[in-house]
file input.cif (mmCIF, C-alpha atoms and all ligand atoms)
data_upload
#
loop_
_atom_site.label_atom_id
_atom_site.label_comp_id
_atom_site.auth_asym_id
_atom_site.auth_seq_id
_atom_site.Cartn_x
_atom_site.Cartn_y
_atom_site.Cartn_z
CA MET A 14 91.06 91.40 281.83
CA LEU A 15 90.92 93.72 278.87
CA PHE A 16 91.82 91.17 276.20
CA SER A 17 88.71 89.15 276.96
CA VAL A 18 86.52 92.15 276.10
CA THR A 19 85.54 91.51 272.52
CA LYS A 20 81.84 92.19 272.51
CA THR A 21 80.53 95.21 274.30
CA MET A 22 78.04 97.86 273.33
CA ASP A 23 75.29 97.33 270.77
CA GLN A 24 77.50 95.39 268.47
CA ASP A 25 74.84 94.60 265.91
CA MET A 26 73.44 98.11 265.71
CA PHE A 27 74.73 100.39 262.95
CA LYS A 28 75.47 103.70 264.60
CA GLY A 29 76.37 105.86 261.62
CA LYS A 30 79.56 106.85 259.84
CA VAL A 31 82.47 108.61 261.53
CA CYS A 32 85.93 109.70 260.43
CA VAL A 33 89.06 109.06 262.53
CA THR A 34 92.15 111.01 261.46
CA GLY A 35 95.55 109.34 261.88
CA ALA A 36 93.76 105.99 262.22
CA SER A 37 96.88 103.84 262.41
CA GLY A 38 98.29 105.72 265.43
CA TYR A 39 98.52 104.16 268.89
CA LEU A 40 95.51 105.88 270.40
CA ALA A 41 93.48 106.10 267.17
CA SER A 42 93.81 102.36 266.46
CA TRP A 43 92.22 101.60 269.82
CA LEU A 44 89.52 104.18 269.13
CA VAL A 45 88.81 102.54 265.75
CA LYS A 46 88.57 99.17 267.51
CA ARG A 47 86.05 100.54 270.03
CA LEU A 48 84.04 102.36 267.33
CA LEU A 49 83.79 99.20 265.23
CA LEU A 50 82.73 97.18 268.27
CA SER A 51 80.10 99.82 269.01
CA GLY A 52 78.59 99.44 265.53
CA TYR A 53 80.03 102.46 263.71
CA HIS A 54 81.19 102.55 260.11
CA VAL A 55 84.68 104.08 260.32
CA LYS A 56 86.49 106.06 257.65
CA GLY A 57 90.08 106.24 258.86
CA THR A 58 92.68 108.54 257.36
CA VAL A 59 96.29 107.41 256.98
CA ARG A 60 99.23 108.94 255.18
CA ASP A 61 100.07 105.81 253.25
CA PRO A 62 97.15 103.43 252.58
CA GLY A 63 99.54 101.17 250.63
CA ASN A 64 101.66 100.40 253.68
CA GLN A 65 100.16 96.99 254.46
CA LYS A 66 102.56 96.24 257.30
CA LYS A 67 101.66 99.42 259.15
CA LEU A 68 97.90 98.92 258.66
CA ALA A 69 97.60 95.15 259.18
CA HIS A 70 96.46 95.49 262.80
CA LEU A 71 93.51 97.64 261.70
CA TRP A 72 92.30 95.09 259.14
CA GLN A 73 92.40 92.41 261.85
CA LEU A 74 89.92 94.29 264.03
CA GLU A 75 86.48 92.79 264.49
CA GLY A 76 84.07 94.43 262.01
CA ALA A 77 86.91 95.95 259.95
CA LYS A 78 86.19 93.98 256.78
CA GLU A 79 82.56 95.13 256.79
CA ARG A 80 82.77 98.64 258.24
CA LEU A 81 86.29 100.08 257.93
CA GLU A 82 87.53 102.21 255.04
CA LEU A 83 91.01 103.68 254.95
CA VAL A 84 91.67 106.79 252.88
CA LYS A 85 94.76 108.85 252.26
CA ALA A 86 95.11 112.27 253.90
CA ASP A 87 97.94 114.45 255.12
CA LEU A 88 97.64 117.26 257.63
CA MET A 89 99.95 119.42 255.55
CA GLU A 90 97.96 119.17 252.30
CA ASP A 91 95.14 121.65 251.98
CA GLY A 92 91.77 120.00 251.36
CA SER A 93 93.29 116.58 251.96
CA PHE A 94 90.54 115.58 254.41
CA ASP A 95 87.57 116.71 252.27
CA ASP A 96 86.78 113.22 250.94
CA ALA A 97 87.35 111.50 254.28
CA VAL A 98 85.02 113.80 256.17
CA MET A 99 82.29 114.01 253.50
CA GLY A 100 79.34 111.77 254.31
CA CYS A 101 80.35 111.33 257.95
CA ASP A 102 78.17 112.25 260.92
CA GLY A 103 81.13 112.88 263.18
CA VAL A 104 84.90 113.39 263.08
CA PHE A 105 87.48 112.28 265.65
CA HIS A 106 90.61 114.30 264.95
CA THR A 107 93.51 112.52 266.64
CA ALA A 108 96.32 112.95 264.07
CA SER A 109 99.13 115.13 265.37
CA PRO A 110 102.89 114.71 265.71
CA VAL A 111 103.76 113.20 269.09
CA LEU A 112 107.07 114.06 270.74
CA GLY A 113 109.84 112.64 268.57
CA PRO A 114 113.45 112.67 269.63
CA LYS A 115 114.23 116.25 268.66
CA SER A 116 111.37 117.64 270.71
CA ASP A 117 112.80 115.91 273.75
CA PRO A 118 114.06 118.63 276.07
CA LYS A 119 117.28 116.63 276.40
CA ALA A 120 117.79 117.26 272.70
CA ARG A 121 117.29 120.99 272.98
CA PRO A 122 118.83 123.04 270.22
CA SER A 123 122.46 123.98 270.63
CA PRO A 124 123.31 127.65 271.20
CA LEU A 125 124.13 127.82 267.49
CA THR A 126 120.70 126.54 266.53
CA CYS A 127 119.17 129.08 268.89
CA ILE A 128 120.55 131.85 266.70
CA TYR A 129 117.99 130.70 264.18
CA VAL A 130 115.10 130.80 266.60
CA LEU A 131 112.43 132.60 264.73
CA ASP A 132 109.18 134.27 265.24
CA TYR A 133 106.78 131.65 264.11
CA CYS A 134 103.52 132.90 262.72
CA ILE A 135 100.54 130.83 263.67
CA ILE A 136 97.76 131.14 261.21
CA LEU A 137 94.44 131.76 262.83
CA LEU A 138 91.37 132.27 260.77
CA MET A 139 89.51 135.36 261.85
CA LYS A 140 86.04 136.06 260.57
CA LYS A 141 85.69 139.22 258.54
CA PRO A 142 82.49 140.64 257.05
CA ASN A 143 83.58 139.47 253.61
CA GLY A 144 84.80 136.01 254.56
CA PHE A 145 87.99 134.86 256.28
CA LYS A 146 91.27 136.58 256.56
CA ILE A 147 94.49 135.18 257.84
CA SER A 148 95.90 136.97 260.83
CA THR A 149 98.81 135.95 262.97
CA SER A 150 99.91 135.56 266.54
CA SER A 151 103.47 134.70 267.29
CA ALA A 152 105.28 132.00 269.19
CA HIS A 153 109.01 131.48 269.44
CA CYS A 154 110.42 128.19 268.26
CA THR A 155 113.12 126.55 266.20
CA PRO A 156 112.64 125.90 262.45
CA HIS A 157 112.63 122.17 263.20
CA ALA A 158 109.87 122.52 265.79
CA ARG A 159 107.84 124.64 263.40
CA LEU A 160 108.08 122.20 260.51
CA GLU A 161 107.86 118.91 262.38
CA ILE A 162 105.52 119.66 265.25
CA LEU A 163 103.77 123.04 265.27
CA ASP A 164 102.75 123.28 261.62
CA PRO A 165 101.17 119.81 261.35
CA ALA A 166 99.44 120.23 264.70
CA ILE A 167 98.03 123.73 264.22
CA LYS A 168 97.67 124.16 260.47
CA GLY A 169 96.70 120.50 260.24
CA THR A 170 93.88 120.92 262.75
CA LEU A 171 92.55 123.93 260.88
CA ASN A 172 92.86 121.99 257.64
CA VAL A 173 90.69 119.19 259.08
CA LEU A 174 88.19 121.71 260.45
CA ARG A 175 87.91 123.44 257.07
CA SER A 176 86.94 120.05 255.59
CA CYS A 177 84.44 119.59 258.42
CA LYS A 178 82.88 122.94 257.57
CA LYS A 179 82.15 121.68 254.04
CA ASN A 180 80.09 118.76 255.35
CA PRO A 181 76.51 119.84 256.09
CA LEU A 182 75.70 116.49 257.76
CA LEU A 183 78.36 116.80 260.43
CA THR A 184 77.04 116.80 263.99
CA ARG A 185 80.20 116.90 266.10
CA VAL A 186 83.97 117.07 265.97
CA ILE A 187 85.92 115.45 268.80
CA LEU A 188 89.50 116.74 268.98
CA THR A 189 92.16 114.77 270.84
CA SER A 190 94.01 117.42 272.76
CA SER A 191 96.16 116.69 275.82
CA SER A 192 96.39 117.32 279.55
CA ALA A 193 99.59 119.13 278.54
CA THR A 194 97.31 122.01 277.54
CA VAL A 195 96.26 122.30 281.20
CA ARG A 196 99.23 121.54 283.46
CA VAL A 197 102.27 123.38 282.02
CA ARG A 198 102.11 126.51 284.16
CA ASP A 199 103.67 127.76 287.35
CA ASP A 200 101.06 130.17 288.61
CA PHE A 201 98.41 128.00 290.25
CA ASP A 202 97.48 126.96 293.77
CA PRO A 203 98.79 123.38 294.26
CA ASN A 204 95.98 122.78 296.76
CA VAL A 205 93.34 123.22 294.06
CA PRO A 206 93.27 120.42 291.45
CA LEU A 207 93.56 121.65 287.87
CA ASP A 208 90.41 121.35 285.79
CA GLU A 209 89.30 122.19 282.26
CA SER A 210 89.29 125.92 282.99
CA SER A 211 93.09 125.85 283.21
CA TRP A 212 95.30 126.62 280.19
CA SER A 213 99.01 125.94 280.09
CA SER A 214 101.33 128.89 279.60
CA VAL A 215 102.53 129.45 276.04
CA GLU A 216 105.34 131.61 277.40
CA LEU A 217 106.54 128.86 279.77
CA CYS A 218 106.53 126.26 276.96
CA GLU A 219 108.58 128.60 274.78
CA ARG A 220 111.02 129.31 277.61
CA LEU A 221 111.46 125.58 278.32
CA GLN A 222 111.44 124.82 274.59
CA ILE A 223 108.88 122.08 275.01
CA TRP A 224 107.31 122.05 271.59
CA TYR A 225 104.84 119.20 271.94
CA PRO A 226 102.79 120.87 274.72
CA LEU A 227 103.05 124.14 272.81
CA SER A 228 101.69 122.46 269.66
CA LYS A 229 98.75 120.99 271.58
CA ILE A 230 97.88 124.29 273.32
CA LEU A 231 97.99 126.31 270.11
CA ALA A 232 96.16 123.66 268.07
CA GLU A 233 93.35 123.41 270.60
CA LYS A 234 93.02 127.17 270.91
CA ALA A 235 92.95 127.55 267.12
CA ALA A 236 90.30 124.81 266.94
CA TRP A 237 88.08 126.53 269.49
CA GLU A 238 88.34 129.81 267.63
CA PHE A 239 87.58 128.23 264.25
CA ALA A 240 84.67 126.20 265.68
CA ARG A 241 83.14 129.27 267.33
CA GLU A 242 83.44 131.34 264.18
CA ASN A 243 82.02 128.61 261.93
CA GLY A 244 79.30 127.06 264.07
CA ILE A 245 81.06 123.69 264.41
CA ARG A 246 80.10 121.64 267.47
CA LEU A 247 83.54 120.90 268.92
CA ILE A 248 84.39 118.87 272.01
CA THR A 249 87.97 118.28 273.17
CA ILE A 250 89.38 115.34 275.13
CA LEU A 251 92.50 116.01 277.19
CA PRO A 252 94.15 112.68 277.96
CA SER A 253 97.12 112.41 280.28
CA PHE A 254 99.94 109.94 279.47
CA VAL A 255 98.33 106.98 277.74
CA ILE A 256 99.22 103.49 279.00
CA GLY A 257 98.04 100.16 277.65
CA PRO A 258 98.41 97.68 274.83
CA SER A 259 99.53 98.84 271.42
CA LEU A 260 97.57 97.17 268.62
CA ALA A 261 100.45 97.79 266.23
CA ARG A 262 103.67 95.92 266.93
CA ASP A 263 105.77 98.97 266.09
CA LEU A 264 105.51 101.15 269.16
CA CYS A 265 104.79 104.87 268.98
CA SER A 266 106.98 107.35 270.81
CA THR A 267 105.16 107.23 274.18
CA ALA A 268 104.69 103.43 274.18
CA SER A 269 108.39 102.93 273.49
CA ASP A 270 109.20 105.29 276.40
CA VAL A 271 107.14 102.98 278.62
CA LEU A 272 108.92 99.90 277.27
CA GLY A 273 112.21 101.69 278.01
CA LEU A 274 111.16 102.31 281.61
CA LEU A 275 110.13 98.68 282.07
CA ARG A 276 113.57 97.71 280.73
CA GLY A 277 115.36 99.91 283.25
CA ALA A 278 115.81 103.25 281.43
CA SER A 279 115.09 106.34 283.51
CA ASP A 280 115.94 109.23 281.17
CA LYS A 281 112.52 109.89 279.56
CA PHE A 282 110.53 109.46 282.76
CA SER A 283 113.04 111.49 284.74
CA TRP A 284 112.07 114.53 282.67
CA HIS A 285 108.34 113.74 282.98
CA GLY A 286 108.44 114.28 286.74
CA ARG A 287 104.87 114.28 287.94
CA MET A 288 102.41 112.96 285.38
CA GLY A 289 98.81 111.85 284.97
CA TYR A 290 98.17 108.34 283.60
CA ILE A 291 95.20 106.92 281.71
CA HIS A 292 94.33 103.51 280.25
CA ILE A 293 94.17 103.53 276.44
CA ASP A 294 90.76 101.87 276.53
CA ASP A 295 89.43 104.66 278.76
CA VAL A 296 90.69 107.28 276.29
CA ALA A 297 88.82 105.58 273.44
CA LEU A 298 85.65 105.13 275.51
CA ALA A 299 85.77 108.78 276.64
CA HIS A 300 85.97 109.95 273.00
CA ILE A 301 82.89 107.88 272.14
CA LEU A 302 81.00 108.94 275.27
CA VAL A 303 81.36 112.67 274.57
CA TYR A 304 80.45 112.07 270.92
CA GLU A 305 77.25 110.25 271.85
CA GLU A 306 76.19 112.19 274.94
CA VAL A 307 73.90 115.02 273.86
CA ASN A 308 74.75 117.15 276.87
CA ALA A 309 78.53 116.92 276.42
CA GLN A 310 80.25 120.21 275.69
CA GLY A 311 83.59 121.95 275.99
CA ARG A 312 86.82 120.35 277.21
CA TYR A 313 87.14 117.04 279.12
CA LEU A 314 90.20 116.09 281.15
CA CYS A 315 90.74 112.35 280.86
CA SER A 316 93.14 111.07 283.51
CA SER A 317 92.90 108.35 286.12
CA ARG A 318 95.77 109.06 288.49
CA VAL A 319 98.60 111.59 288.86
CA LEU A 320 101.90 110.21 290.18
CA ASP A 321 105.43 111.44 290.78
CA ASN A 322 107.85 109.35 288.74
CA THR A 323 109.42 108.03 291.98
CA ASP A 324 105.99 106.76 293.12
CA LEU A 325 105.42 105.26 289.69
CA VAL A 326 108.67 103.26 289.74
CA SER A 327 108.08 102.15 293.37
CA PHE A 328 104.69 100.83 292.27
CA LEU A 329 106.13 99.13 289.17
CA ALA A 330 109.03 97.54 291.09
CA LYS A 331 106.61 96.05 293.64
CA ARG A 332 104.12 94.83 291.05
CA TYR A 333 106.64 93.42 288.55
CA PRO A 334 109.60 92.24 290.66
CA SER A 335 111.11 90.31 287.75
CA LEU A 336 111.45 93.49 285.62
CA PRO A 337 114.53 95.74 285.87
CA ILE A 338 112.56 98.82 286.98
CA PRO A 339 114.98 101.70 287.73
CA ASN A 340 115.61 102.62 291.34
CA THR A 341 113.97 105.83 292.64
CA ASN A 342 117.37 107.44 293.21
CA ARG A 343 117.86 107.53 289.41
CA PHE A 344 115.26 110.32 289.23
CA ASP A 345 116.25 113.95 289.88
CA ARG A 346 114.02 116.18 291.94
CA LEU A 347 112.65 118.66 289.43
CA HIS A 348 111.18 121.37 291.69
CA ARG A 349 108.03 121.65 289.62
CA PRO A 350 104.71 122.61 291.19
CA TYR A 351 102.63 119.80 292.68
CA TYR A 352 99.30 119.27 290.93
CA GLU A 353 96.30 116.97 290.80
CA PHE A 354 93.60 116.82 288.13
CA ASN A 355 89.91 117.36 288.82
CA THR A 356 88.17 114.99 286.39
CA SER A 357 84.67 115.39 287.82
CA LYS A 358 83.36 116.78 284.51
CA LEU A 359 83.87 113.46 282.73
CA LYS A 360 82.69 111.50 285.79
CA THR A 361 79.46 113.53 285.78
CA LEU A 362 78.70 111.89 282.41
CA GLY A 363 78.88 108.52 284.20
CA PHE A 364 82.50 107.74 283.30
CA THR A 365 84.68 105.60 285.57
CA PHE A 366 88.44 105.25 285.18
CA LYS A 367 90.47 102.06 285.23
CA GLY A 368 93.23 102.03 287.84
CA ILE A 369 96.99 102.19 287.43
CA GLU A 370 97.27 98.42 288.07
CA GLU A 371 95.04 97.50 285.13
CA MET A 372 96.81 99.99 282.83
CA PHE A 373 100.24 98.53 283.44
CA ASP A 374 99.09 94.89 283.70
CA ASP A 375 97.51 95.18 280.25
CA CYS A 376 100.52 97.04 278.88
CA VAL A 377 103.06 94.50 280.21
CA ALA A 378 100.95 91.52 279.06
CA SER A 379 100.60 92.96 275.57
CA LEU A 380 104.34 93.73 275.25
CA LYS A 381 105.10 90.14 276.30
CA ASP A 382 102.53 88.81 273.81
CA GLN A 383 104.18 90.85 271.07
CA GLY A 384 107.53 89.26 271.86
CA TYR A 385 109.30 92.20 273.50
CA ASN A 386 111.78 91.21 276.15
CA PHE A 387 112.67 93.21 279.24
CA VAL A 388 116.37 92.66 279.68
N1 LIG B 401 100.18 108.95 273.75
C1 LIG B 401 99.86 109.78 274.72
O1 LIG B 401 100.26 109.59 275.88
C2 LIG B 401 98.95 110.96 274.44
C3 LIG B 401 98.51 111.72 275.53
C4 LIG B 401 97.67 112.81 275.28
C5 LIG B 401 97.27 113.13 274.01
N2 LIG B 401 97.73 112.37 272.97
C6 LIG B 401 97.28 112.74 271.61
O2 LIG B 401 96.72 111.61 270.99
C7 LIG B 401 96.89 111.69 269.57
C8 LIG B 401 97.51 110.41 269.05
O3 LIG B 401 98.77 110.21 269.67
P1 LIG B 401 99.47 108.77 269.78
O4 LIG B 401 100.07 108.69 271.11
O5 LIG B 401 98.51 107.74 269.34
O6 LIG B 401 100.69 108.93 268.76
P2 LIG B 401 100.99 108.23 267.35
O7 LIG B 401 100.83 106.77 267.44
O8 LIG B 401 102.32 108.76 266.95
O9 LIG B 401 99.87 108.81 266.43
C9 LIG B 401 99.99 110.06 265.80
C10 LIG B 401 99.21 110.01 264.52
O10 LIG B 401 99.26 111.28 263.86
C11 LIG B 401 99.52 111.05 262.49
N3 LIG B 401 100.20 112.17 261.87
C12 LIG B 401 101.31 112.82 262.28
N4 LIG B 401 101.64 113.76 261.38
C13 LIG B 401 100.73 113.68 260.37
C14 LIG B 401 100.53 114.37 259.15
N5 LIG B 401 101.35 115.34 258.73
N6 LIG B 401 99.48 114.02 258.37
C15 LIG B 401 98.65 113.03 258.74
N7 LIG B 401 98.78 112.33 259.90
C16 LIG B 401 99.81 112.66 260.68
C17 LIG B 401 100.42 109.83 262.47
O11 LIG B 401 100.35 109.25 261.18
P3 LIG B 401 101.52 108.31 260.65
O12 LIG B 401 101.20 106.97 261.27
O13 LIG B 401 101.36 108.35 259.18
O14 LIG B 401 102.82 108.86 261.14
C18 LIG B 401 99.77 108.97 263.53
O15 LIG B 401 98.70 108.25 262.99
C19 LIG B 401 97.75 112.94 269.34
O16 LIG B 401 96.89 114.01 269.02
C20 LIG B 401 98.40 113.18 270.69
O17 LIG B 401 98.75 114.52 270.90
C21 LIG B 401 98.55 111.28 273.14
#

call {"tool": "encode", "arguments": {"input": "input.cif", "output": "structure tokens"}}
result
Amino acid sequence: MLFSVTKTMDQDMFKGKVCVTGASGYLASWLVKRLLLSGYHVKGTVRDPGNQKKLAHLWQLEGAKERLELVKADLMEDGSFDDAVMGCDGVFHTASPVLGPKSDPKARPSPLTCIYVLDYCIILLMKKPNGFKISTSSAHCTPHARLEILDPAIKGTLNVLRSCKKNPLLTRVILTSSSATVRVRDDFDPNVPLDESSWSSVELCERLQIWYPLSKILAEKAAWEFARENGIRLITILPSFVIGPSLARDLCSTASDVLGLLRGASDKFSWHGRMGYIHIDDVALAHILVYEEVNAQGRYLCSSRVLDNTDLVSFLAKRYPSLPIPNTNRFDRLHRPYYEFNTSKLKTLGFTFKGIEEMFDDCVASLKDQGYNFV
């Protein structure tokens, strides 16, 4: 059982100093926990270091008092990450806006709002003989999507990478991307599992007005371009939907969607259709593995199992008969292409994935421990 794992790798060995952006987030908190257990000194960035309630779970982590520092940084403030990154050997950039109610396709802009759909200019840094010049490529989105999702994701990633460039000691940057950068397309052979060579379609995301995948695609592409131009050793991790315990009691957007499903709500998961799932501990371990493994390079899909939402709820209903899991007939058939993920690249590094049972067992146990009820 996951909760009994308190001592794992080389706990007494100091492994160097790393920065984790957005350290109080769902995924990042678990990454900080694993990094501390592995012997790293962690400099975490948060938007509000004074918010003791929001950060309490980080200070309770084993090793936090000795080897955790929290510093203030905001993706939308130029140079904000300079201090956090300076002196670190590696950076894990996880901070990025995740979903949020208005990016939910069910909350698509009204026809009136669509009048204001604008050509959004994505700033990409292009190398010129005399330095760097801003050029643009366009994507179509609403002003809300631009301000709340695309800007922090894309400009924020470049902001972090510019700070990385200033640190001569830096060995690697690990960027948390998403399997959404791989699977949102309608032009592939469903008999061939999608792998890291696949890129989601920007045009399809715009047409469907799904801003979160769009933000992750454009942020990762901008990161690759910047890293290539500036000699930064970048590796990206592409997790599917993350399942598992939340260290913070306040649940992030995806964890509260899961709680909703376990309480009988079908709306969020109805839209998800077919989806890959991954244990939160595996996501953290995969980040650390590709950081430490000298031969790691490029993109890494990180997903244990892909399931249709009807198969997911059938599994959940059987495994947790006391929970009000929604019936399969509450889910519409979405007519999206069938896909699987080929995760052999990560497995080649020796990685093994936890199964769907362990993901949800740990998630349900943790929600119960935190006092959430399911009725
Ligand atoms: N959850 C999933 O299923 C999943 C799957 C694939 C990939 N991912 C990726 O994993 C990463 C973490 O996601 P999560 O699920 O852990 O969500 P989360 O708990 O909402 O974490 C997002 C983090 O980003 C930070 N952030 C947002 N806007 C910021 C800004 N302007 N400046 C500084 N920090 C900002 C948030 O800081 P505050 O706490 O201050 O708001 C928070 O720490 C994201 O890159 C996400 O795309 C998640």

call {"tool": "residues_near_ligand", "arguments": {"input": "input.cif", "ligand": "ligand LIG 401 (chain B)", "cutoff": "8 Å", "atoms": "all atoms listed in the file", "output": "VMD selection string"}}
result
chain A and resid 34 to 42 58 to 61 67 86 to 89 106 to 111 165 to 166 169 188 to 193 225 229 251 to 256 264 to 268

call {"tool": "atom_distance", "arguments": {"input": "input.cif", "atom1": "atom CA of A:Ile248", "atom2": "atom CA of A:His300"}}
result
9.1 Å

call {"tool": "residues_near_point", "arguments": {"input": "input.cif", "point": "(97.8, 124.1, 267.9)", "cutoff": "8 Å", "atoms": "all atoms listed in the file", "output": "MDAnalysis selection string"}}
result
chainID A and resid 163 166:168 170 227:236

call {"tool": "write_last_selection", "arguments": {"input": "input.cif", "atoms": "C-alpha atoms", "output": "mmCIF file, keeping the file's coordinate frame"}}
result
data_model
loop_
_atom_site.group_PDB
_atom_site.id
_atom_site.type_symbol
_atom_site.label_atom_id
_atom_site.label_comp_id
_atom_site.auth_asym_id
_atom_site.auth_seq_id
_atom_site.Cartn_x
_atom_site.Cartn_y
_atom_site.Cartn_z
ATOM 1 C CA LEU A 163 103.770 123.040 265.270
ATOM 2 C CA ALA A 166 99.440 120.230 264.700
ATOM 3 C CA ILE A 167 98.030 123.730 264.220
ATOM 4 C CA LYS A 168 97.670 124.160 260.470
ATOM 5 C CA THR A 170 93.880 120.920 262.750
ATOM 6 C CA LEU A 227 103.050 124.140 272.810
ATOM 7 C CA SER A 228 101.690 122.460 269.660
ATOM 8 C CA LYS A 229 98.750 120.990 271.580
ATOM 9 C CA ILE A 230 97.880 124.290 273.320
ATOM 10 C CA LEU A 231 97.990 126.310 270.110
ATOM 11 C CA ALA A 232 96.160 123.660 268.070
ATOM 12 C CA GLU A 233 93.350 123.410 270.600
ATOM 13 C CA LYS A 234 93.020 127.170 270.910
ATOM 14 C CA ALA A 235 92.950 127.550 267.120
ATOM 15 C CA ALA A 236 90.300 124.810 266.940
#

call {"tool": "atom_distance", "arguments": {"input": "input.cif", "atom1": "atom CA of A:Asn172", "atom2": "atom CA of A:Asp91"}}
result
6.1 Å

call {"tool": "residues_near_point", "arguments": {"input": "input.cif", "point": "(84.0, 115.2, 264.9)", "cutoff": "6 Å", "atoms": "only C-alpha atoms", "output": "PyMOL selection string"}}
result
chain A and resi 103-105+185-187

call {"tool": "atom_distance", "arguments": {"input": "input.cif", "atom1": "atom CA of A:Val271", "atom2": "atom CA of A:Ile293"}}
result
13.2 Å

call {"tool": "closest_atom_pairs", "arguments": {"input": "input.cif", "of": "stretch 291-371 of chain A", "to": "stretch 198-221 of chain A", "cutoff": "8 Å", "atoms": "all atoms listed in the file", "output": "Markdown table"}}
result
| residue | atom | partner | partner_atom | distance |
| --- | --- | --- | --- | --- |
| A:Arg312 | CA | A:Glu209 | CA | 5.9 |
| A:Tyr313 | CA | A:Glu209 | CA | 6.4 |
| A:Leu314 | CA | A:Glu209 | CA | 6.3 |
| A:Arg349 | CA | A:Asp199 | CA | 7.8 |
| A:Pro350 | CA | A:Asp199 | CA | 6.5 |
| A:Tyr351 | CA | A:Pro203 | CA | 5.5 |
| A:Tyr352 | CA | A:Pro203 | CA | 5.3 |
| A:Glu353 | CA | A:Pro206 | CA | 4.6 |
| A:Phe354 | CA | A:Leu207 | CA | 4.8 |
| A:Asn355 | CA | A:Asp208 | CA | 5.0 |
| A:Thr356 | CA | A:Asp208 | CA | 6.8 |

call {"tool": "residues_around", "arguments": {"input": "input.cif", "residues": "A:Asn322", "least_positions_apart": "6", "cutoff": "8 Å", "atoms": "all atoms listed in the file", "output": "PDB file with C-alpha atoms, in the frame of the given file"}}
result
ATOM      1  CA  PHE A 282     110.530 109.460 282.760  1.00  0.00           C
ATOM      2  CA  SER A 283     113.040 111.490 284.740  1.00  0.00           C
ATOM      3  CA  HIS A 285     108.340 113.740 282.980  1.00  0.00           C
ATOM      4  CA  GLY A 286     108.440 114.280 286.740  1.00  0.00           C
ATOM      5  CA  ARG A 287     104.870 114.280 287.940  1.00  0.00           C
ATOM      6  CA  MET A 288     102.410 112.960 285.380  1.00  0.00           C
ATOM      7  CA  PHE A 344     115.260 110.320 289.230  1.00  0.00           C
TER       8      PHE A 344
END

call {"tool": "closest_residue", "arguments": {"input": "input.cif", "among": "A:Pro337, A:Pro62, A:Gly257, A:Gly277", "to": "A:Ala297", "atoms": "only C-alpha atoms"}}
result
A:Gly257

call {"tool": "residues_around", "arguments": {"input": "input.cif", "residues": "stretch 324-336 of chain A", "least_positions_apart": "2", "cutoff": "10 Å", "atoms": "only C-alpha atoms", "output": "list of chain:residue names"}}
result
A:Leu274, A:Leu275, A:Arg276, A:Gly277, A:Ser279, A:Phe282, A:Gly286, A:Arg287, A:Met288, A:Tyr290, A:Val319, A:Leu320, A:Asp321, A:Asn322, A:Ile338, A:Pro339, A:Asn340, A:Thr341, A:Phe344, A:Ile369, A:Glu370, A:Phe373, A:Asp374, A:Val377, A:Asn386, A:Phe387, A:Val388

call {"tool": "axis_aligned_box", "arguments": {"input": "input.cif", "around": "stretch 306-311 of chain A", "padding_each_side": "5 Å", "output": "lines of an AutoDock Vina configuration file"}}
result
center_x = 78.7
center_y = 117.1
center_z = 275.4
size_x = 19.7
size_y = 19.8
size_z = 13.0
